[in-house]
Amino acid sequence: MNSVWAVAVNTIKQALRIKIAAVFIILLAVLLPVMGFSMVGDGTLKGKLQTFVSYGLSLTSLLLCLLTIVVSVYSLANDIQQRQIYTVITKPIRRFQLLCGKLLGVILLSAALLVLFSAVIYGITVFIPTFSDAPEAEHVQAKNEFFTARAGLMPAEVDVTQEVLDTYNKLEKSGQFEELFRGLSRKQIIAQLTSRKKLEKRAAAVGRDLVWEFNNVRPMDPNQAMFIRFKYDVSVNPPDLQVYGRWAAGDIRQVRYGVKFETPIYDFARRDLIRTFHEIEVPADCVAKDGYLSVGFLNVPLNNTVVIFPLEDGLEVLYKADTFTANFIRAVLLIFLRLIFLAVLGTLASTFLSFPVAILLCLVIFSTANFSGFVIESFDFLSKDLSKVYSYTIRPVIQLLPQFDKANPTKFLVAGRLLGWSLLAKVAALMICIKAVLLSLLAVLIFSHREIAKITV
Amino acid sequence: MEYAIETLSLTKVFSDWWGRDKVCAVSDLSLGIRYNEVFGLLGPNGSGKTTTLKMLLGLLYPTKGKAIVLGGDSTDPKINARIGFLPEESYLYRYLTARETLDFYGRLFSLPGKVRKMRIETLLDMVGLKAVANRPVGTFSKGMARRIGLAQALINDPDLLILDEPTSGLDPIGTRQIKDLIIELARRGKTVLLCSHLLADVEDVCDRIAILYGGQIQSEGRVKELLEQTGKRQITTGAISDAAVERIKQIVEDEQQDCVVTAPMDKLETFFIRAVMTAEQQAQPTSGAVGATQLGGFLTSEMPVESILDKLVSTSVSQHAPRTEPAATEQIRAIETSETKPDEELLSKLTTPANPAEPEPVVKAGPVELSPETSGQQEQTARSILDQLTGRSTPQDHNEKPTDQSEGDFGNE
């Protein structure tokens, strides 16, 4: 353990003294405060905060990822190339211990820098409102929509399989297929019918209402506000592009069963622009004790059009589930998981590749990881025709890639969304416990069996 | 166990990317190096010396055959904790200072903090780099880096020392020091394997040598047996009169042999060392290594308890720090070339308690926990070794030595 620690300390000293780390540290130390004061965003206080946190954290994450790659690759590859390893590996230290030491050093260094710079970002973010002369309303908006960690609940999807089948059979009997779906297969017809049916469930005809029910709503504090976030779509554009609506939020079961009201039911009459997001602020005490909440919408006859709530983001209930600080810490931890993965990757690459090649490999993997969704999709698409070969060869390799874009920490902070421990744990389990461990085992395997010395005759 | 290092038809073939054999660097090498032996591996460039060492240390894997080091596999931490290795060039971390470098290697051996610190100071003293101990080794000259490399190889008080071209890049004083060190270590029971193509170095220190060519042993044996000219005799005397020379010539001619009489020449090495020592005595400034030649006192197996030893020696060494020793080289050479066994003499002298010739009372402050008898004796031993090596012996010591009359001593007193 003593020797592992010695190697770790040496790795940190190396990164600091040959000034690899200095470049990154100076860049961040200069850029972050400058960004804090120069960023404007959309002009509001919230916009300014969002822009700063988003850019600041992304920049920190990017630079520290690069630093981690460079240091982890350099440390071992350089030792092998410059042959310092001759005198190290002939001492009583096992090869896997040397790798552990290097890895530990890199991780500690990145962790320290990450803590330092996220503290700077956090500090600036918290102090921006203090120095801002924005009107009171903007401060409230920033407090409600930015300095928070809101959980979002989407309405449960309605199962429409049976209805679709019924419709399909009906249409088949009446012989309308030729007319409606010319040349389509059964599968395609079913798919079309399904999406149509689903949309139907999210549409309110003129004078009709829609009720969504949510379970497990757990606001931190009933005295706080919660939000109904929605977006209208319409079948016919109203002349002023506005839709009138009556909204209600509360425990509808009290009305249905005619019991005594224990929690209030709030209602709102609104007029909102179509195809943009709006939020209705509702006091959180309307949620029933068992976490039940229903939200109702009435399409006022005045509208004269069918109102549709788009499937993916048409309606959502948001409530404050945690503090901004806790959310920020989890976002930083998410970045830390990336750094650990990259440190392992860099160490692995340097066990069998020279410095430039290893760096290149790591950078390729890093950028792929940032667009992993796109990469996986395009591979899936391109290799449709050789599916068997593909799914047993390239696919597992691609699946081994980390997927940084899937859990992007700034996305949560900018939207003031809750980044839950469960997500963090999931990422940690997949990226560290499975992928990084696999890579490090591979690294130990390669490094323990390779010849350290160069061929010199 | 007879051998410290044993190789059984060790073979290394380097193949190219396609797996075709390209170069046979070492071929069917079977060596046996006994404990407490200084063994020299000689050969021209590219003869497989370094490759052999790398296989011994597990840096390269043999294509065929086996290497047994200290009775086991050298990649086993238990075994390589007892090995000191100096590679053919000093591959050091350029950004670490000399002291940090030694500290790093000390930590790899999991040496406890106190022992580590003492050894580091002792070694820095020994290699003469104490004054520049806080400078990054990247700023060192090749010779200075070499000295740190050597200190690094000694930090674990190794039983087996493997040195690859130990004197390359060193100035004559450094070379002399390393040679003295090797002899002294061997005297203290260590095994040394060194490889070199500087024949003078090898000749001075090695008990046995093997000459490699093309990865195969061409010749192997004891240095003295290989080099002795049995058909000749050499007599070295003081400045005797011409008449005496004539008489000797007469005697030789009576035996029907030729006789050549010349004044012996100083070796250039001896002359150089004397010149530098004089400059040092006048305290002329230098930014380089200084010629401190004290041996790292912990490098011994004669004493039972390491920590006591470390304490003892670090005290005595640090108190002896700045001094010069012009006579050192002569003395050591006398030891290694003389026919009589000075080692035994020295040992017997060392084990005799209370030698009146010892001048340093300061050392007595050193050991704390030792009983008076043992401490006296150990002190004596440690000090005498140091004195012996650093040439601080008093005139009485000189007179006691039969080596003064030996052929190797050209007597510059």
# chains A, B, ... in the order shown; residues from 1 in each chain; ligands from 1
call {"tool": "closest_atom_pairs", "arguments": {"of": "chain B", "to": "chain A", "cutoff": "8 Å", "atoms": "only C-alpha atoms", "output": "JSON lines"}}
result
{"residue": "B:Phe14", "atom": "CA", "partner": "A:Ile455", "partner_atom": "CA", "distance": 7.3}
{"residue": "B:Val23", "atom": "CA", "partner": "A:Val457", "partner_atom": "CA", "distance": 7.9}
{"residue": "B:Ala25", "atom": "CA", "partner": "A:Val457", "partner_atom": "CA", "distance": 6.4}
{"residue": "B:Gly46", "atom": "CA", "partner": "A:Val457", "partner_atom": "CA", "distance": 5.0}
{"residue": "B:Ser47", "atom": "CA", "partner": "A:Val457", "partner_atom": "CA", "distance": 7.5}
{"residue": "B:Gly48", "atom": "CA", "partner": "A:Val457", "partner_atom": "CA", "distance": 6.8}
{"residue": "B:Thr51", "atom": "CA", "partner": "A:Val457", "partner_atom": "CA", "distance": 7.5}
{"residue": "B:Lys54", "atom": "CA", "partner": "A:Ala453", "partner_atom": "CA", "distance": 7.3}
{"residue": "B:Leu57", "atom": "CA", "partner": "A:Thr90", "partner_atom": "CA", "distance": 6.5}
{"residue": "B:Gly58", "atom": "CA", "partner": "A:Thr90", "partner_atom": "CA", "distance": 7.7}
{"residue": "B:Leu59", "atom": "CA", "partner": "A:Ile452", "partner_atom": "CA", "distance": 5.1}
{"residue": "B:Leu60", "atom": "CA", "partner": "A:Glu451", "partner_atom": "CA", "distance": 5.1}
{"residue": "B:Tyr61", "atom": "CA", "partner": "A:Glu451", "partner_atom": "CA", "distance": 6.5}
{"residue": "B:Ser74", "atom": "CA", "partner": "A:Thr90", "partner_atom": "CA", "distance": 7.9}
{"residue": "B:Thr75", "atom": "CA", "partner": "A:Thr90", "partner_atom": "CA", "distance": 7.0}
{"residue": "B:Asp76", "atom": "CA", "partner": "A:Pro92", "partner_atom": "CA", "distance": 7.3}
{"residue": "B:Pro77", "atom": "CA", "partner": "A:Pro92", "partner_atom": "CA", "distance": 4.0}
{"residue": "B:Lys78", "atom": "CA", "partner": "A:Pro92", "partner_atom": "CA", "distance": 6.8}
{"residue": "B:Ile79", "atom": "CA", "partner": "A:Pro92", "partner_atom": "CA", "distance": 7.8}
{"residue": "B:Asn80", "atom": "CA", "partner": "A:Pro92", "partner_atom": "CA", "distance": 5.5}
{"residue": "B:Ala81", "atom": "CA", "partner": "A:Pro92", "partner_atom": "CA", "distance": 5.1}
{"residue": "B:Ile83", "atom": "CA", "partner": "A:Lys91", "partner_atom": "CA", "distance": 7.8}
{"residue": "B:Phe85", "atom": "CA", "partner": "A:Thr87", "partner_atom": "CA", "distance": 6.9}
{"residue": "B:Leu86", "atom": "CA", "partner": "A:Thr87", "partner_atom": "CA", "distance": 7.4}
{"residue": "B:Pro87", "atom": "CA", "partner": "A:Tyr86", "partner_atom": "CA", "distance": 7.2}
{"residue": "B:Tyr91", "atom": "CA", "partner": "A:Gln84", "partner_atom": "CA", "distance": 4.7}
{"residue": "B:Leu92", "atom": "CA", "partner": "A:Gln84", "partner_atom": "CA", "distance": 5.6}
{"residue": "B:Tyr93", "atom": "CA", "partner": "A:Gln84", "partner_atom": "CA", "distance": 6.8}
{"residue": "B:Tyr95", "atom": "CA", "partner": "A:Arg17", "partner_atom": "CA", "distance": 6.3}
{"residue": "B:Phe104", "atom": "CA", "partner": "A:Ala6", "partner_atom": "CA", "distance": 6.2}
{"residue": "B:Tyr105", "atom": "CA", "partner": "A:Val88", "partner_atom": "CA", "distance": 7.5}
{"residue": "B:Arg107", "atom": "CA", "partner": "A:Ser3", "partner_atom": "CA", "distance": 5.7}
{"residue": "B:Leu108", "atom": "CA", "partner": "A:Ser3", "partner_atom": "CA", "distance": 4.4}
{"residue": "B:Phe109", "atom": "CA", "partner": "A:Pro92", "partner_atom": "CA", "distance": 6.0}
{"residue": "B:Ser110", "atom": "CA", "partner": "A:Asn2", "partner_atom": "CA", "distance": 5.7}
call {"tool": "select_by_dssp", "arguments": {"residues": "range 260-389 of chain A", "states": "helix (DSSP H, G or I)", "output": "count of residues only"}}
result
65
call {"tool": "residues_around", "arguments": {"residues": "Cys286 in chain A", "least_positions_apart": "3", "cutoff": "10 Å", "atoms": "only C-alpha atoms", "output": "CSV table (one decimal) with C-alpha atoms, in the first residue's frame"}}
result
chain,number,residue,atom,x,y,z
A,222,PRO,CA,-46.4,21.6,1.1
A,223,ASN,CA,-46.0,25.4,1.5
A,225,ALA,CA,-45.2,26.1,-5.1
A,226,MET,CA,-45.4,23.4,-7.7
A,249,ALA,CA,-55.3,20.8,-9.7
A,250,GLY,CA,-56.0,18.9,-6.6
A,251,ASP,CA,-57.4,15.6,-5.3
A,262,GLU,CA,-59.0,17.6,3.1
A,263,THR,CA,-56.8,19.2,0.5
A,264,PRO,CA,-57.8,22.2,-1.5
A,265,ILE,CA,-58.5,22.1,-5.3
A,266,TYR,CA,-57.3,25.1,-7.2
A,282,VAL,CA,-49.9,25.8,-7.9
A,283,PRO,CA,-49.5,25.7,-4.1
A,289,LYS,CA,-51.4,12.9,1.7
A,291,GLY,CA,-49.0,11.5,-3.0
A,292,TYR,CA,-52.0,11.6,-5.3
A,293,LEU,CA,-52.7,14.6,-7.6
A,294,SER,CA,-55.0,15.1,-10.5
call {"tool": "residues_around", "arguments": {"residues": "Arg208 in chain B", "least_positions_apart": "4", "cutoff": "7 Å", "atoms": "only C-alpha atoms", "output": "list in words"}}
result
Val38, Phe39, Gly40, Gly221, Arg222 and Val223 of chain B
call {"tool": "closest_residue", "arguments": {"among": "A:Phe230, A:Phe404, A:Phe352, A:Tyr257", "to": "Phe371 in chain A", "atoms": "only C-alpha atoms"}}
result
A:Phe404
call {"tool": "select_by_dssp", "arguments": {"residues": "range 55-287 of chain B", "states": "strand (DSSP E or B)", "output": "ChimeraX atom specification"}}
result
/B:64-69,72,83-86,97,136,160-164,191-196,208-213,216-222
call {"tool": "residues_around", "arguments": {"residues": "Gly373 in chain A", "least_positions_apart": "5", "cutoff": "12 Å", "atoms": "only C-alpha atoms", "output": "ChimeraX atom specification"}}
result
/A:367-368,378-380,398-399,401-407
call {"tool": "write_last_selection", "arguments": {"atoms": "C-alpha atoms", "output": "tab-separated table (two decimals), in the first residue's frame"}}
result
chain	number	residue	atom	x	y	z
A	367	SER	CA	-15.71	12.35	-28.50
A	368	THR	CA	-17.66	9.28	-29.50
A	378	SER	CA	-26.18	5.34	-37.05
A	379	PHE	CA	-24.43	2.03	-36.59
A	380	ASP	CA	-27.76	0.35	-35.95
A	398	ILE	CA	-20.01	0.05	-29.12
A	399	GLN	CA	-22.07	-0.81	-26.09
A	401	LEU	CA	-18.38	2.88	-24.95
A	402	PRO	CA	-19.42	5.25	-22.23
A	403	GLN	CA	-22.49	7.35	-22.97
A	404	PHE	CA	-21.75	10.78	-21.61
A	405	ASP	CA	-24.56	12.42	-23.54
A	406	LYS	CA	-27.18	10.23	-21.89
A	407	ALA	CA	-26.55	11.73	-18.50
call {"tool": "atom_distance", "arguments": {"atom1": "CA of Ser38 in chain A", "atom2": "CA of Leu333 in chain A"}}
result
27.0 Å
call {"tool": "atom_distance", "arguments": {"atom1": "CA of Leu227 in chain B", "atom2": "CA of Cys195 in chain B"}}
result
18.4 Å
call {"tool": "atom_distance", "arguments": {"atom1": "CA of Asp157 in chain B", "atom2": "CA of Asn36 in chain B"}}
result
14.2 Å
call {"tool": "residues_around", "arguments": {"residues": "range 158-161 of chain B", "least_positions_apart": "6", "cutoff": "7 Å", "atoms": "only C-alpha atoms", "output": "PDB file with N, CA and C atoms, in the first residue's frame"}}
result
ATOM      1  N   ARG B  82      15.551  -7.366  -2.270  1.00  0.00           N
ATOM      2  CA  ARG B  82      16.963  -7.582  -1.891  1.00  0.00           C
ATOM      3  C   ARG B  82      17.913  -7.274  -3.043  1.00  0.00           C
ATOM      4  N   ILE B  83      17.367  -6.714  -4.126  1.00  0.00           N
ATOM      5  CA  ILE B  83      18.203  -6.423  -5.292  1.00  0.00           C
ATOM      6  C   ILE B  83      18.332  -4.920  -5.465  1.00  0.00           C
ATOM      7  N   GLY B  84      19.514  -4.478  -5.799  1.00  0.00           N
ATOM      8  CA  GLY B  84      19.688  -3.091  -6.211  1.00  0.00           C
ATOM      9  C   GLY B  84      20.065  -3.086  -7.678  1.00  0.00           C
ATOM     10  N   PHE B  85      19.453  -2.202  -8.447  1.00  0.00           N
ATOM     11  CA  PHE B  85      19.713  -2.229  -9.889  1.00  0.00           C
ATOM     12  C   PHE B  85      20.026  -0.835 -10.392  1.00  0.00           C
ATOM     13  N   LYS B 190      28.199  -8.693   0.112  1.00  0.00           N
ATOM     14  CA  LYS B 190      27.216  -8.544  -0.960  1.00  0.00           C
ATOM     15  C   LYS B 190      27.719  -9.246  -2.227  1.00  0.00           C
ATOM     16  N   THR B 191      26.757  -9.521  -3.090  1.00  0.00           N
ATOM     17  CA  THR B 191      27.106 -10.051  -4.388  1.00  0.00           C
ATOM     18  C   THR B 191      26.932  -8.932  -5.399  1.00  0.00           C
ATOM     19  N   VAL B 192      27.883  -8.794  -6.309  1.00  0.00           N
ATOM     20  CA  VAL B 192      27.782  -7.728  -7.303  1.00  0.00           C
ATOM     21  C   VAL B 192      27.921  -8.326  -8.691  1.00  0.00           C
ATOM     22  N   LEU B 193      26.973  -7.991  -9.558  1.00  0.00           N
ATOM     23  CA  LEU B 193      27.101  -8.362 -10.963  1.00  0.00           C
ATOM     24  C   LEU B 193      27.196  -7.064 -11.728  1.00  0.00           C
TER      25      LEU B 193
END
call {"tool": "residues_around", "arguments": {"residues": "Leu199 in chain A", "least_positions_apart": "5", "cutoff": "9 Å", "atoms": "only C-alpha atoms", "output": "list in words"}}
result
Thr194, Ile308, Phe309, Pro310 and Leu311 of chain A
